[in-house]
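The data block below is structure_13.json; it holds JSON, C-alpha atoms.
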```json
[["chain", "number", "residue", "atom", "x", "y", "z"],
["U", 1, "MET", "CA", -3.10, -3.75, 20.19],
["U", 2, "GLY", "CA", -6.01, -6.04, 19.57],
["U", 3, "ASN", "CA", -5.83, -7.80, 16.26],
["U", 4, "PHE", "CA", -2.78, -6.00, 14.83],
["U", 5, "PRO", "CA", -0.87, -9.28, 14.36],
["U", 6, "ASP", "CA", -3.67, -10.67, 12.17],
["U", 7, "ILE", "CA", -4.01, -7.41, 10.24],
["U", 8, "LEU", "CA", -0.27, -7.33, 9.49],
["U", 9, "LYS", "CA", -0.31, -10.97, 8.35],
["U", 10, "GLU", "CA", -3.31, -10.26, 6.14],
["U", 11, "LEU", "CA", -1.63, -7.24, 4.55],
["U", 12, "ARG", "CA", 1.49, -9.29, 3.82],
["U", 13, "ARG", "CA", -0.70, -12.01, 2.30],
["U", 14, "LEU", "CA", -2.68, -9.58, 0.12],
["U", 15, "HIS", "CA", 0.49, -7.85, -1.07],
["U", 16, "PRO", "CA", 2.95, -10.73, -1.20],
["U", 17, "THR", "CA", 5.75, -9.30, 0.90],
["U", 18, "PRO", "CA", 8.41, -11.47, 2.52],
["U", 19, "GLN", "CA", 9.10, -10.60, 6.14],
["U", 20, "SER", "CA", 12.67, -9.73, 5.17],
["U", 21, "GLU", "CA", 11.50, -7.19, 2.55],
["U", 22, "LEU", "CA", 9.08, -5.52, 4.96],
["U", 23, "ALA", "CA", 11.74, -5.50, 7.68],
["U", 24, "GLN", "CA", 14.22, -3.78, 5.39],
["U", 25, "ALA", "CA", 11.62, -1.16, 4.38],
["U", 26, "LEU", "CA", 10.85, -0.45, 8.04],
["U", 27, "GLY", "CA", 14.44, -0.53, 9.27],
["U", 28, "VAL", "CA", 13.90, -3.45, 11.66],
["U", 29, "SER", "CA", 14.97, -7.09, 11.68],
["U", 30, "ARG", "CA", 13.02, -9.93, 10.10],
["U", 31, "SER", "CA", 12.59, -11.48, 13.54],
["U", 32, "THR", "CA", 10.93, -8.26, 14.72],
["U", 33, "ILE", "CA", 8.32, -8.63, 11.97],
["U", 34, "SER", "CA", 7.81, -12.22, 13.05],
["U", 35, "MET", "CA", 7.30, -11.12, 16.66],
["U", 36, "TYR", "CA", 4.77, -8.49, 15.53],
["U", 37, "GLU", "CA", 2.83, -11.19, 13.69],
["U", 38, "CYS", "CA", 2.92, -13.57, 16.66],
["U", 39, "GLY", "CA", 1.84, -10.86, 19.08],
["U", 40, "GLU", "CA", 5.07, -11.19, 21.07],
["U", 41, "ARG", "CA", 6.03, -7.57, 20.40],
["U", 42, "GLU", "CA", 4.19, -4.36, 19.46],
["U", 43, "PRO", "CA", 5.53, -1.71, 17.10],
["U", 44, "ASN", "CA", 6.03, 1.83, 18.30],
["U", 45, "PHE", "CA", 4.15, 4.72, 16.73],
["U", 46, "GLU", "CA", 6.90, 5.50, 14.18],
["U", 47, "ILE", "CA", 6.95, 1.90, 12.94],
["U", 48, "LEU", "CA", 3.14, 1.85, 12.77],
["U", 49, "LYS", "CA", 3.26, 4.96, 10.57],
["U", 50, "LYS", "CA", 5.85, 3.32, 8.32],
["U", 51, "ILE", "CA", 3.71, 0.17, 8.00],
["U", 52, "ALA", "CA", 0.64, 2.28, 7.17],
["U", 53, "ASP", "CA", 2.61, 4.19, 4.53],
["U", 54, "TYR", "CA", 4.15, 1.02, 3.11],
["U", 55, "TYR", "CA", 0.78, -0.67, 2.62],
["U", 56, "ARG", "CA", -1.12, 2.59, 1.98],
["U", 57, "VAL", "CA", -3.65, 2.01, 4.75],
["U", 58, "ASP", "CA", -4.94, 4.20, 7.54],
["U", 59, "LEU", "CA", -3.46, 3.88, 11.03],
["U", 60, "ASN", "CA", -6.97, 3.21, 12.36],
["U", 61, "TYR", "CA", -7.21, 0.21, 10.05],
["U", 62, "LEU", "CA", -3.88, -1.14, 11.33],
["U", 63, "LEU", "CA", -5.07, -0.80, 14.90],
["U", 64, "GLY", "CA", -8.38, -2.52, 14.17],
["U", 65, "TYR", "CA", -10.60, 0.54, 14.61],
["U", 66, "GLU", "CA", -11.96, 0.49, 11.07],
["U", 67, "PRO", "CA", -13.82, -2.34, 9.40],
["U", 68, "LYS", "CA", -11.82, -4.69, 7.25],
["U", 69, "LEU", "CA", -11.21, -3.32, 3.77],
["U", 70, "SER", "CA", -13.31, -5.12, 1.20],
["U", 71, "ASN", "CA", -10.91, -4.17, -1.59],
["U", 72, "PRO", "CA", -7.54, -3.34, -0.06],
["U", 73, "PRO", "CA", -5.12, -1.37, -2.20],
["U", 74, "VAL", "CA", -3.34, -3.46, -4.76],
["U", 75, "SER", "CA", 0.05, -2.73, -6.17],
["U", 76, "TYR", "CA", -0.51, -1.99, -9.87],
["U", 77, "GLU", "CA", 1.64, -0.37, -12.47],
["U", 78, "PRO", "CA", -0.42, 0.87, -15.44],
["U", 79, "THR", "CA", 0.92, 0.29, -18.90],
["U", 80, "PHE", "CA", 1.02, 2.95, -21.55],
["U", 81, "ASP", "CA", -1.90, 1.25, -23.36],
["U", 82, "ASP", "CA", -3.95, 1.27, -20.12],
["U", 83, "LEU", "CA", -3.41, 5.01, -19.83],
["U", 84, "LYS", "CA", -4.23, 5.67, -23.48],
["U", 85, "SER", "CA", -7.47, 3.71, -23.10],
["U", 86, "PHE", "CA", -8.35, 5.64, -19.94],
["U", 87, "MET", "CA", -7.68, 8.92, -21.70],
["U", 88, "LYS", "CA", -10.00, 7.98, -24.58],
["U", 89, "ARG", "CA", -12.82, 7.03, -22.21],
["U", 90, "SER", "CA", -12.49, 9.62, -19.48],
["U", 91, "SER", "CA", -10.83, 12.81, -20.55],
["U", 92, "LYS", "CA", -12.61, 14.25, -23.55],
["U", 93, "LYS", "CA", -12.35, 17.77, -22.08],
["U", 94, "LEU", "CA", -8.55, 17.75, -21.76],
["U", 95, "THR", "CA", -6.36, 19.23, -24.46],
["U", 96, "ALA", "CA", -3.81, 17.02, -26.18],
["U", 97, "GLU", "CA", -1.04, 18.73, -24.19],
["U", 98, "GLU", "CA", -2.88, 18.16, -20.89],
["U", 99, "LYS", "CA", -3.40, 14.50, -21.79],
["U", 100, "GLN", "CA", 0.31, 14.11, -22.55],
["U", 101, "GLN", "CA", 1.26, 15.78, -19.24],
["U", 102, "LEU", "CA", -1.12, 13.50, -17.35],
["U", 103, "ILE", "CA", 0.31, 10.39, -18.99],
["U", 104, "LEU", "CA", 3.87, 11.48, -18.18],
["U", 105, "LEU", "CA", 2.89, 12.18, -14.57],
["U", 106, "LEU", "CA", 1.21, 8.79, -14.18],
["U", 107, "LEU", "CA", 4.16, 6.93, -15.65],
["U", 108, "GLN", "CA", 6.68, 8.45, -13.23]]
```

In structure tokens, how does this file's structure come out?
Amino acid sequence: MGNFPDILKELRRLHPTPQSELAQALGVSRSTISMYECGEREPNFEILKKIADYYRVDLNYLLGYEPKLSNPPVSYEPTFDDLKSFMKRSSKKLTAEEKQQLILLLLQ
């Protein structure tokens, strides 16, 4: 699987995720994650899909077929003030009700 072990390590580094947390999310043991990262074991397709979903990356990226992401996705939870500021800057055409619905949707 080429450079999958390095890609997985890099994703865990960029999104600080302990092996135990990732293992629990994937339904495997922590030692399995360690073996993936050492190249001693390869995940099956279902686990690859779960990893891609967990880190919000494309399967091609995980398998090394796409160039390295320059700005990989970052876990971010917007605050209410962030959303209000965005609404002021970006949504002049929305009605007040539409703005409120958008804010509620984003905060879910």

*For U:Thr17, which of U:Tyr54, U:Leu105, U:Glu46, U:Tyr36 is the closest residue, counting all atoms listed in the file?*
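Under the stated criterion, the closest residue is U:Tyr54.
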
*asked:* Give me the residues near stretch 3-13 of chain U as a list in words, where near means some atom within 10 Å (using all atoms listed in the file) and where sequence neighbours in that chain fewer than 3 positions away do not count.
replied: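 In the requested form, the answer reads Pro16, Thr17, Pro18, Gln19, Leu22, Ile33, Ser34, Met35, Tyr36, Glu37, Cys38, Gly39, Glu40, Arg41, Glu42, Pro43, Ile51, Ala52, Tyr55, Val57, Tyr61, Leu62, Leu63, Gly64, Tyr65, Lys68, Pro72 and Pro73 of chain U.
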
*Would you mind reading off the distance between atom CA of U:Ile47 and atom CA of U:Leu26, one decimal, in Å?*
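Calculated distance between atom CA of U:Ile47 and atom CA of U:Leu26 is 6.7 Å.
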
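If you look at atom CA of U:Asn60 and atom CA of U:His15, they are 18.9 Å away from each other.
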
*State, in Å with one decimal place, the distance from atom CA of U:Asp81 to atom CA of U:Arg56.*
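So the answer is 25.4 Å.
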